[in-house]
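This report concerns only the one structure given below.
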Amino acid sequence: MSKKKIVIALGGNALGNTLAEQMEAVKITAKSIVDLIEEGHQVVISHGNGPQVGMINNAFTEFSKIEKDQPIIPLSVCVAMSQAYIGYDLQNAIREELKNRGKDTPVTTMITQVLVNGEDPAFQNPTKPIGKFMSKEQADEFSQKYGYPIKEDAGRGYRRVVASPKPVEIVEIDAIRTLVDAGQVVIAGGGGGIPVVLKGNHLKGVSAVIDKDFASCVLAKELDADYLIILTAVEKVAINFGKPDVKWLSNITVDEAKKYMEEGHFAPGSMLPKVQAAVDFASSKDGRKALITLLEKAKDGIVGKTGTVINK
């Protein structure tokens, strides 16, 4: 097949939940990524950061309790730390796998800021829980001290919530494009990117979490990629999931995907944003395709052997 420019959005299962799990997970992840590079494809990698940014945020929250003069580190800074922490392991694993196969392709992690609209309605209704569970008393004290919005989380306790605004553009896109054009493997947009708003020429971090699939879609469009591969915990997308008449989808059009979304087949916060991002990318330009599948099936998915492909 012809060589493609591919943006791969890694799901959390590709990274593990702890430091030790991550170091093991990225070794497996690297093999699947290098399989695609060996086929001659240009590959850009984005990834989630849920467990990692949670650990960083919790650590600084606890530290602020010990050191009373130490403010809680802004969430945007926690996202930046998670990008470097994950990128460090991921780029080294990919580099090692490339070396093992006799390739000297450079691998770079780009600390990536993503512009959001300060007037995005999401800021008026924060819904994304982060940090530890708290009792009602702890939550009231926390909210009073820091001014953070708190919500009850499915009867399990109270947690801080932040907004999840839509990504507008990738700030470092020119640098990423230059590296990709130079033949490097680039890791960018980690955790959906560091959310920032523009104040004159100043980029100001905001307390928000950007959906990594939506950010990956913006990244893929701005790089003029041929494929957006969204990796998840299932080989194919399904309608009537969990029911006797479940149907696994192989190749669907944008219109069919929209119809399934309208019928409520995909769970919000789970498969729905992946399908929404896939539809957005596939409908943005003729010839663009989105693939949703398992990490280890990405190579087969590109050649049409498995996975769910969405195109015009």
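Scheme for the structure tokens: letters A, B, ... for chains in order shown; per-chain residue numbers from 1; ligand numbers from 1 in order shown.
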
Residues within 9 Å of region 82-84 of chain A, only C-alpha atoms, excluding chain neighbours under 3 positions, as a PyMOL selection string: chain A and resi 47+49+52-53+56+77-79+87-89+109-112+188-191+193-194

Backbone-only DSSP, alpha helix (DSSP H) members of region 11-233 of chain A, as a PyMOL selection string: chain A and resi 19-38+50-66+75-100+136-146+173-181+212-222

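Once Lys199 (chain A) and its same-chain neighbours fewer than 4 positions away are set aside, Gly118, Leu203 and Lys204 of chain A remain within 10 Å of it when counting only C-alpha atoms.
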
Expected file: the selected residues, C-alpha atoms, as a JSON list (two decimals), in the first residue's frame:
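Written file, out-v1.json:
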[["chain", "number", "residue", "atom", "x", "y", "z"],
["A", 118, "GLY", "CA", -11.97, 31.25, 27.01],
["A", 203, "LEU", "CA", -0.52, 32.12, 26.52],
["A", 204, "LYS", "CA", -2.20, 31.61, 29.89]]

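Among the candidate residues A:Ala25, A:Gly16, A:Ser2, A:Thr61, the one lying nearest to Ile73 (chain A) is A:Thr61, with distances computed using only C-alpha atoms.
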
Can you pull out the residues contacting Tyr227 (chain A)? Cut-off 10 Å, using only C-alpha atoms, and skip same-chain residues under 5 positions away; I want them as a PyMOL selection string. chain A and resi 4-8+43+217+220-221+278+281-282+287-291+302+309

Those same residues, written as a CSV table (one decimal), in the first residue's frame with N, CA and C atoms?
chain,number,residue,atom,x,y,z
A,4,LYS,N,1.6,6.4,4.2
A,4,LYS,CA,0.7,7.4,4.8
A,4,LYS,C,1.3,8.2,5.9
A,5,LYS,N,0.7,9.4,6.1
A,5,LYS,CA,1.0,10.2,7.3
A,5,LYS,C,-0.1,9.9,8.3
A,6,ILE,N,0.3,9.3,9.5
A,6,ILE,CA,-0.6,8.8,10.4
A,6,ILE,C,-0.5,9.5,11.8
A,7,VAL,N,-1.6,9.9,12.4
A,7,VAL,CA,-1.6,10.3,13.8
A,7,VAL,C,-2.2,9.2,14.6
A,8,ILE,N,-1.5,8.7,15.6
A,8,ILE,CA,-2.0,7.6,16.4
A,8,ILE,C,-2.3,8.2,17.8
A,43,VAL,N,4.8,8.7,11.2
A,43,VAL,CA,3.9,8.5,12.4
A,43,VAL,C,4.1,9.6,13.4
A,217,CYS,N,-7.5,14.8,16.8
A,217,CYS,CA,-8.2,15.2,15.5
A,217,CYS,C,-7.7,16.5,15.0
A,220,ALA,N,-4.1,16.0,13.7
A,220,ALA,CA,-4.1,15.3,12.4
A,220,ALA,C,-4.5,16.2,11.3
A,221,LYS,N,-5.6,17.0,11.5
A,221,LYS,CA,-6.0,17.9,10.4
A,221,LYS,C,-4.9,19.0,10.1
A,278,ALA,N,-13.3,10.8,15.2
A,278,ALA,CA,-13.1,10.1,13.9
A,278,ALA,C,-14.0,10.7,12.8
A,281,PHE,N,-12.6,14.1,11.7
A,281,PHE,CA,-11.4,14.0,10.8
A,281,PHE,C,-11.8,13.5,9.4
A,282,ALA,N,-12.5,12.4,9.4
A,282,ALA,CA,-12.8,11.8,8.1
A,282,ALA,C,-13.7,12.7,7.2
A,287,GLY,N,-10.5,11.8,1.1
A,287,GLY,CA,-9.3,10.9,1.2
A,287,GLY,C,-8.9,10.6,2.6
A,288,ARG,N,-9.3,11.4,3.5
A,288,ARG,CA,-9.0,11.1,4.9
A,288,ARG,C,-9.8,10.0,5.5
A,289,LYS,N,-9.1,9.2,6.3
A,289,LYS,CA,-9.8,8.1,7.0
A,289,LYS,C,-9.5,8.0,8.4
A,290,ALA,N,-10.4,7.6,9.2
A,290,ALA,CA,-10.2,7.4,10.7
A,290,ALA,C,-10.4,5.9,11.0
A,291,LEU,N,-9.5,5.4,11.8
A,291,LEU,CA,-9.6,4.0,12.2
A,291,LEU,C,-9.7,3.9,13.7
A,302,ILE,N,-4.9,-0.7,9.1
A,302,ILE,CA,-4.5,0.2,7.9
A,302,ILE,C,-4.8,-0.5,6.6
A,309,VAL,N,-13.3,1.4,10.2
A,309,VAL,CA,-12.8,2.5,9.4
A,309,VAL,C,-14.0,3.4,9.1
